[in-house]
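Colleague: Dumping the structure here so I can ask a few things about it.
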Amino acid sequence: YGSGAAASLRLPRLRKPKGVLTARNRRVFSNAHAYHINSLSSNCDGETFLSSDDLRIILWNLEVAHQAFNIVDIKPTNMENLTEVITTTDFHPSSCSVFGYASSKGCIRLSDMRERALCDRHAKVFEASQGTGGSANGNGGTKAFFSEIIASITDMKFVGSGRFILSRDYMSLKLWDVAMDGRGPIATYWIHEHIRPRLGDLYESDNVFDKFECCASGGYHSPRTSPTDASSVIGTRYLCTGSYSNLFRVFDAKMALSGAPIEMAESSAAHQLLESSKQPNRYNGQYLSANGVSKLNAQASEKSLSGVPMDFQSKVLHLAWHPHRPVVAAAATNSLYLFAR
C-alpha cells in the first residue's frame, strides 16, 4: 500500500461506557409459604433470615435455598377457628436466637429459638390495654366496631441495642420496654387522631387496612447526655412513621404526645435533599425546627391539621432512616425522597 492509502485508513475509537448498576438474582427461596409473604428480617449472625406470612414464620439459611425450618405455626386445625394472623416479624439486633412477631390483635410476642425448635410458646407478650386504645382526650376505653381493625400492628422493629421495641398500628406509634412486659407501652405517639371520626368512610374505601411502616434514627451518643436521658437509655433519638397527604411525622423519643408532620415537597425528581437548617419548613402556619421535630404541643399540632383536607390516596407507607446519619428516605407513589437535617 502506498503512503496515501495508509493516511486515509480510519480506525474506530474505543469509548468506555458509563457503568450501569443492575440487580441480579443470586438465589431463589421458594416452596415454603402458602400465603403472601408480609415481612423479611435478616439475622445478626449474617447466615440466616426470617420470612413470615399470615400463619407461619420460616427460618432460612442464606446458603441453602432448598431447605427451611418452620419455627412458628399458628394455623388451627379448623380454619374457622382462626382469630388472628401474623403481620410482621423482626430479629433481635444483637441476640441471634431472639426474634419478635406481631399479630392482627395488637400483640407482640418474643420467642427464643434456644428454648425449643418450634417456638409455639412465646417467652414474652406485649399488648396494649383497652384504656390505651385512644387519645388522651378521647374515649379510648370505649369498645368500638373498628377497635380490632385499628389495633392490628402493621410494623415492628427493635430499637437501639434491642432493649426497646417500636410498633405501628393504624392510629399510633408505640414504644415498648422489653423488660416491662405486661405493663403496656412506655410511650404512645398519635399520628392522625383527627381522622378517627372518618373511620367508617376509611373502612368502606379499604384505607383502614393500609400498612404503615416505622423506623428509628441510629444510635445517639453524646458526652452531654445524662444517664437518665431518653436518647441514651433507648439508644435512639428520633422515631418516624408515615401518614396521609404525603406526610410523615418525626417524634422525639422522650416526648410521649408531640410531633408534627413534615410535608413532602412536590417535585418530579426522584431524589430530593431537603436542607432545613437555613430556613425552617412551614406547614399551615406552624414552623418546624431545624431538626424536623415540632416544639408545639399536641393540641396545637392536631388543631392545625383538623382543618386541612386529607388526601387518602397519597400516603407514605415506606420509610427508612440512615443508621449513622440524620437522613430519612421516604417513598411516595413512584418517587423516592431523601430528607436531611
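Residue numbers start at 1 in each chain; chains themselves are named A, B, ... in the order of the C-alpha cells; ligands are numbered from 1 in the order shown.
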Which residues come within 10 Å of Lys75 in chain A, counting only C-alpha atoms, excluding same-chain residues fewer than 4 positions away, as JSON, numbers by chain?

Modeller: {"A": [54, 55, 56, 79, 81, 82, 83, 84, 85]}

Colleague: I need the chosen residues saved as a PDB file, in the first residue's frame, with all heavy atoms.

Modeller:
ATOM      1  N   ASP A  54     -49.104 -14.977  56.817  1.00  0.00           N
ATOM      2  CA  ASP A  54     -50.178 -14.788  57.787  1.00  0.00           C
ATOM      3  C   ASP A  54     -50.177 -15.840  58.891  1.00  0.00           C
ATOM      4  O   ASP A  54     -50.624 -15.561  60.013  1.00  0.00           O
ATOM      5  CB  ASP A  54     -51.531 -14.811  57.077  1.00  0.00           C
ATOM      6  CG  ASP A  54     -51.741 -13.566  56.232  1.00  0.00           C
ATOM      7  OD1 ASP A  54     -50.972 -12.608  56.399  1.00  0.00           O
ATOM      8  OD2 ASP A  54     -52.674 -13.559  55.401  1.00  0.00           O
ATOM      9  N   LEU A  55     -49.673 -17.042  58.621  1.00  0.00           N
ATOM     10  CA  LEU A  55     -49.802 -18.134  59.574  1.00  0.00           C
ATOM     11  C   LEU A  55     -48.480 -18.767  59.989  1.00  0.00           C
ATOM     12  O   LEU A  55     -48.451 -19.491  60.992  1.00  0.00           O
ATOM     13  CB  LEU A  55     -50.709 -19.241  58.993  1.00  0.00           C
ATOM     14  CG  LEU A  55     -52.139 -18.815  58.636  1.00  0.00           C
ATOM     15  CD1 LEU A  55     -52.896 -19.981  58.032  1.00  0.00           C
ATOM     16  CD2 LEU A  55     -52.863 -18.270  59.849  1.00  0.00           C
ATOM     17  N   ARG A  56     -47.404 -18.517  59.283  1.00  0.00           N
ATOM     18  CA  ARG A  56     -46.151 -19.206  59.584  1.00  0.00           C
ATOM     19  C   ARG A  56     -44.968 -18.253  59.511  1.00  0.00           C
ATOM     20  O   ARG A  56     -44.984 -17.265  58.767  1.00  0.00           O
ATOM     21  CB  ARG A  56     -45.921 -20.375  58.624  1.00  0.00           C
ATOM     22  CG  ARG A  56     -46.913 -21.520  58.773  1.00  0.00           C
ATOM     23  CD  ARG A  56     -46.543 -22.664  57.836  1.00  0.00           C
ATOM     24  NE  ARG A  56     -47.433 -23.814  58.009  1.00  0.00           N
ATOM     25  CZ  ARG A  56     -48.509 -24.034  57.281  1.00  0.00           C
ATOM     26  NH1 ARG A  56     -48.832 -23.178  56.327  1.00  0.00           N
ATOM     27  NH2 ARG A  56     -49.265 -25.101  57.492  1.00  0.00           N
ATOM     28  N   MET A  79     -59.881 -24.005  60.063  1.00  0.00           N
ATOM     29  CA  MET A  79     -59.647 -22.607  59.717  1.00  0.00           C
ATOM     30  C   MET A  79     -60.768 -21.690  60.192  1.00  0.00           C
ATOM     31  O   MET A  79     -60.587 -20.478  60.274  1.00  0.00           O
ATOM     32  CB  MET A  79     -59.462 -22.461  58.206  1.00  0.00           C
ATOM     33  CG  MET A  79     -58.156 -23.026  57.682  1.00  0.00           C
ATOM     34  SD  MET A  79     -56.718 -22.136  58.370  1.00  0.00           S
ATOM     35  CE  MET A  79     -56.891 -20.557  57.551  1.00  0.00           C
ATOM     36  N   ASN A  81     -61.709 -21.541  63.119  1.00  0.00           N
ATOM     37  CA  ASN A  81     -61.310 -21.101  64.456  1.00  0.00           C
ATOM     38  C   ASN A  81     -60.166 -20.097  64.424  1.00  0.00           C
ATOM     39  O   ASN A  81     -59.637 -19.734  65.480  1.00  0.00           O
ATOM     40  CB  ASN A  81     -60.874 -22.315  65.289  1.00  0.00           C
ATOM     41  CG  ASN A  81     -62.008 -23.318  65.468  1.00  0.00           C
ATOM     42  OD1 ASN A  81     -63.177 -22.934  65.539  1.00  0.00           O
ATOM     43  ND2 ASN A  81     -61.672 -24.603  65.549  1.00  0.00           N
ATOM     44  N   LEU A  82     -59.787 -19.646  63.251  1.00  0.00           N
ATOM     45  CA  LEU A  82     -58.705 -18.666  63.133  1.00  0.00           C
ATOM     46  C   LEU A  82     -59.160 -17.310  63.649  1.00  0.00           C
ATOM     47  O   LEU A  82     -60.158 -16.765  63.186  1.00  0.00           O
ATOM     48  CB  LEU A  82     -58.261 -18.560  61.673  1.00  0.00           C
ATOM     49  CG  LEU A  82     -57.100 -17.620  61.382  1.00  0.00           C
ATOM     50  CD1 LEU A  82     -55.828 -18.138  62.030  1.00  0.00           C
ATOM     51  CD2 LEU A  82     -56.909 -17.452  59.882  1.00  0.00           C
ATOM     52  N   THR A  83     -58.448 -16.765  64.614  1.00  0.00           N
ATOM     53  CA  THR A  83     -58.822 -15.489  65.227  1.00  0.00           C
ATOM     54  C   THR A  83     -57.801 -14.382  64.999  1.00  0.00           C
ATOM     55  O   THR A  83     -58.117 -13.211  65.181  1.00  0.00           O
ATOM     56  CB  THR A  83     -59.016 -15.656  66.740  1.00  0.00           C
ATOM     57  OG1 THR A  83     -57.794 -16.154  67.326  1.00  0.00           O
ATOM     58  CG2 THR A  83     -60.152 -16.629  67.028  1.00  0.00           C
ATOM     59  N   GLU A  84     -56.575 -14.720  64.620  1.00  0.00           N
ATOM     60  CA  GLU A  84     -55.559 -13.704  64.379  1.00  0.00           C
ATOM     61  C   GLU A  84     -54.547 -14.223  63.376  1.00  0.00           C
ATOM     62  O   GLU A  84     -54.424 -15.432  63.174  1.00  0.00           O
ATOM     63  CB  GLU A  84     -54.852 -13.298  65.679  1.00  0.00           C
ATOM     64  CG  GLU A  84     -54.065 -14.410  66.344  1.00  0.00           C
ATOM     65  CD  GLU A  84     -53.338 -13.941  67.583  1.00  0.00           C
ATOM     66  OE1 GLU A  84     -53.033 -12.742  67.671  1.00  0.00           O
ATOM     67  OE2 GLU A  84     -53.074 -14.784  68.460  1.00  0.00           O
ATOM     68  N   VAL A  85     -53.831 -13.300  62.759  1.00  0.00           N
ATOM     69  CA  VAL A  85     -52.801 -13.649  61.790  1.00  0.00           C
ATOM     70  C   VAL A  85     -51.525 -12.883  62.128  1.00  0.00           C
ATOM     71  O   VAL A  85     -51.552 -11.867  62.830  1.00  0.00           O
ATOM     72  CB  VAL A  85     -53.248 -13.320  60.346  1.00  0.00           C
ATOM     73  CG1 VAL A  85     -54.427 -14.168  59.935  1.00  0.00           C
ATOM     74  CG2 VAL A  85     -53.562 -11.835  60.207  1.00  0.00           C
TER      75      VAL A  85
END

Colleague: Write out as a list in words each polymer residue whose atoms come within 9 Å of Val125 in chain A, counting only C-alpha atoms; drop sequence neighbours fewer than 3 positions from it.

Modeller: Cys107, Ile108, Arg109, Leu110, His122, Asp181 and Gly182 of chain A

Colleague: Select, from A:Ser243, A:Tyr35, A:Phe146, A:Ala340, the residue with the minimum atom-to-atom distance to Asp201 in chain A, counting only C-alpha atoms.

Modeller: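 Using only C-alpha atoms, Asp201 in chain A sits closest to A:Phe146.
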
Colleague: Could you list, as JSON, numbers by chain, every residue within 12 Å of Val159 in chain A, counting only C-alpha atoms and ignoring same-chain residues fewer than 3 positions away?

Modeller: {"A": [90, 91, 92, 93, 94, 156, 162, 163, 164, 165, 166, 167, 174, 175, 176, 177, 178, 214, 215, 216, 217, 218, 219, 220, 231, 232, 233, 234, 235, 236, 237, 238, 239, 240, 253, 321, 323]}

Colleague: Kindly export the residues of the current selection with N, CA and C atoms, as a CSV table (one decimal), in the first residue's frame.

Modeller:
chain,number,residue,atom,x,y,z
A,90,ASP,N,-39.4,-9.6,63.2
A,90,ASP,CA,-38.1,-8.9,63.2
A,90,ASP,C,-37.2,-9.7,64.2
A,91,PHE,N,-35.9,-9.8,63.7
A,91,PHE,CA,-34.9,-10.4,64.5
A,91,PHE,C,-34.3,-9.4,65.5
A,92,HIS,N,-33.8,-9.9,66.6
A,92,HIS,CA,-33.1,-9.0,67.6
A,92,HIS,C,-31.8,-8.5,67.0
A,93,PRO,N,-31.4,-7.3,67.2
A,93,PRO,CA,-30.2,-6.8,66.6
A,93,PRO,C,-28.9,-7.3,67.0
A,94,SER,N,-28.9,-7.9,68.3
A,94,SER,CA,-27.6,-8.4,68.8
A,94,SER,C,-27.7,-9.9,69.3
A,156,MET,N,-43.2,-3.6,63.2
A,156,MET,CA,-42.5,-3.5,64.5
A,156,MET,C,-41.0,-3.7,64.2
A,162,GLY,N,-31.7,-3.3,71.2
A,162,GLY,CA,-32.8,-4.3,71.4
A,162,GLY,C,-33.5,-4.3,72.7
A,163,ARG,N,-33.2,-3.3,73.5
A,163,ARG,CA,-33.9,-3.2,74.8
A,163,ARG,C,-35.4,-2.7,74.6
A,164,PHE,N,-35.6,-2.0,73.5
A,164,PHE,CA,-36.9,-1.4,73.3
A,164,PHE,C,-37.5,-1.9,71.9
A,165,ILE,N,-38.8,-1.8,71.8
A,165,ILE,CA,-39.5,-2.2,70.5
A,165,ILE,C,-40.4,-1.1,70.1
A,166,LEU,N,-40.3,-0.8,68.8
A,166,LEU,CA,-41.1,0.3,68.2
A,166,LEU,C,-42.2,-0.4,67.3
A,167,SER,N,-43.4,-0.1,67.5
A,167,SER,CA,-44.5,-0.7,66.8
A,167,SER,C,-45.5,0.3,66.2
A,174,LYS,N,-46.1,3.2,69.0
A,174,LYS,CA,-45.9,2.9,70.4
A,174,LYS,C,-44.5,2.4,70.6
A,175,LEU,N,-44.0,2.7,71.8
A,175,LEU,CA,-42.6,2.3,72.2
A,175,LEU,C,-42.7,1.4,73.4
A,176,TRP,N,-42.1,0.2,73.4
A,176,TRP,CA,-42.2,-0.8,74.4
A,176,TRP,C,-40.9,-1.0,75.0
A,177,ASP,N,-40.9,-1.3,76.3
A,177,ASP,CA,-39.7,-1.7,77.0
A,177,ASP,C,-39.8,-3.3,77.2
A,178,VAL,N,-38.7,-3.9,76.6
A,178,VAL,CA,-38.7,-5.4,76.7
A,178,VAL,C,-38.7,-5.9,78.1
A,214,CYS,N,-42.6,1.9,60.2
A,214,CYS,CA,-42.0,2.8,61.2
A,214,CYS,C,-40.5,2.6,61.2
A,215,CYS,N,-39.7,3.6,61.7
A,215,CYS,CA,-38.3,3.5,61.7
A,215,CYS,C,-37.8,4.4,62.8
A,216,ALA,N,-36.5,4.2,63.2
A,216,ALA,CA,-35.9,5.0,64.3
A,216,ALA,C,-34.5,5.4,63.8
A,217,SER,N,-34.0,6.5,64.3
A,217,SER,CA,-32.7,7.0,64.0
A,217,SER,C,-31.7,6.1,64.5
A,218,GLY,N,-30.4,6.3,64.0
A,218,GLY,CA,-29.3,5.5,64.5
A,218,GLY,C,-29.0,5.8,65.9
A,219,GLY,N,-28.0,5.1,66.5
A,219,GLY,CA,-27.6,5.3,67.9
A,219,GLY,C,-27.2,6.7,68.1
A,220,TYR,N,-27.7,7.3,69.2
A,220,TYR,CA,-27.4,8.7,69.6
A,220,TYR,C,-26.5,8.6,70.8
A,231,SER,N,-32.6,9.6,75.1
A,231,SER,CA,-31.8,9.2,73.9
A,231,SER,C,-30.6,8.3,74.3
A,232,SER,N,-30.1,8.3,75.5
A,232,SER,CA,-29.1,7.4,75.9
A,232,SER,C,-29.6,6.1,76.4
A,233,VAL,N,-30.8,6.2,77.0
A,233,VAL,CA,-31.4,4.9,77.6
A,233,VAL,C,-32.0,4.1,76.5
A,234,ILE,N,-32.7,4.7,75.6
A,234,ILE,CA,-33.4,4.0,74.5
A,234,ILE,C,-32.4,3.6,73.4
A,235,GLY,N,-31.4,4.4,73.2
A,235,GLY,CA,-30.5,4.1,72.1
A,235,GLY,C,-30.8,4.7,70.8
A,236,THR,N,-31.8,5.6,70.8
A,236,THR,CA,-32.1,6.3,69.6
A,236,THR,C,-32.7,7.7,70.0
A,237,ARG,N,-32.7,8.7,69.1
A,237,ARG,CA,-33.2,10.0,69.5
A,237,ARG,C,-34.6,10.2,68.8
A,238,TYR,N,-34.8,9.8,67.6
A,238,TYR,CA,-36.0,10.2,66.9
A,238,TYR,C,-36.7,8.9,66.3
A,239,LEU,N,-38.0,9.0,66.3
A,239,LEU,CA,-38.9,8.0,65.8
A,239,LEU,C,-39.7,8.5,64.6
A,240,CYS,N,-39.9,7.7,63.6
A,240,CYS,CA,-40.5,8.3,62.4
A,240,CYS,C,-41.5,7.3,61.8
A,253,ALA,N,-38.0,10.9,71.0
A,253,ALA,CA,-38.2,9.7,71.8
A,253,ALA,C,-38.6,10.0,73.2
A,321,TRP,N,-34.5,5.0,57.9
A,321,TRP,CA,-33.6,6.0,58.5
A,321,TRP,C,-32.1,5.5,58.3
A,323,PRO,N,-28.5,4.5,59.2
A,323,PRO,CA,-28.1,4.0,60.5
A,323,PRO,C,-27.1,4.9,61.2

Colleague: Determine the nearest neighbour of Arg183 in chain A from the options A:Ser8, A:Ser129, A:Asp169, A:Ala330, counting only C-alpha atoms.

Modeller: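 Distance minimum relative to Arg183 in chain A lands on A:Ser129.
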
Colleague: Please, what distance in Å, to one decimal, runs between CA of Asp112 in chain A and CA of Ala151 in chain A?

Modeller: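 Straight-line distance from CA of Asp112 in chain A to CA of Ala151 in chain A works out to 25.1 Å.
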
Colleague: Choose the residue, out of A:Arg249, A:His33, A:Arg114, A:Arg196, that has the smallest atom-to-atom separation from Leu173 in chain A; count only C-alpha atoms.

Modeller: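 Of A:Arg249, A:His33, A:Arg114, A:Arg196, the one nearest Leu173 in chain A is A:Arg249, counting only C-alpha atoms.
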
Colleague: When you look at Thr241 in chain A with a cut-off of 12 Å (counting only C-alpha atoms), what residues show up, excluding the ones that are within fewer than 6 positions of it in the same chain? I need them as number ranges by chain.

Modeller: A: 154-157, 166-174, 189-192, 211-217, 247-251, 259-262, 315-321, 328-331
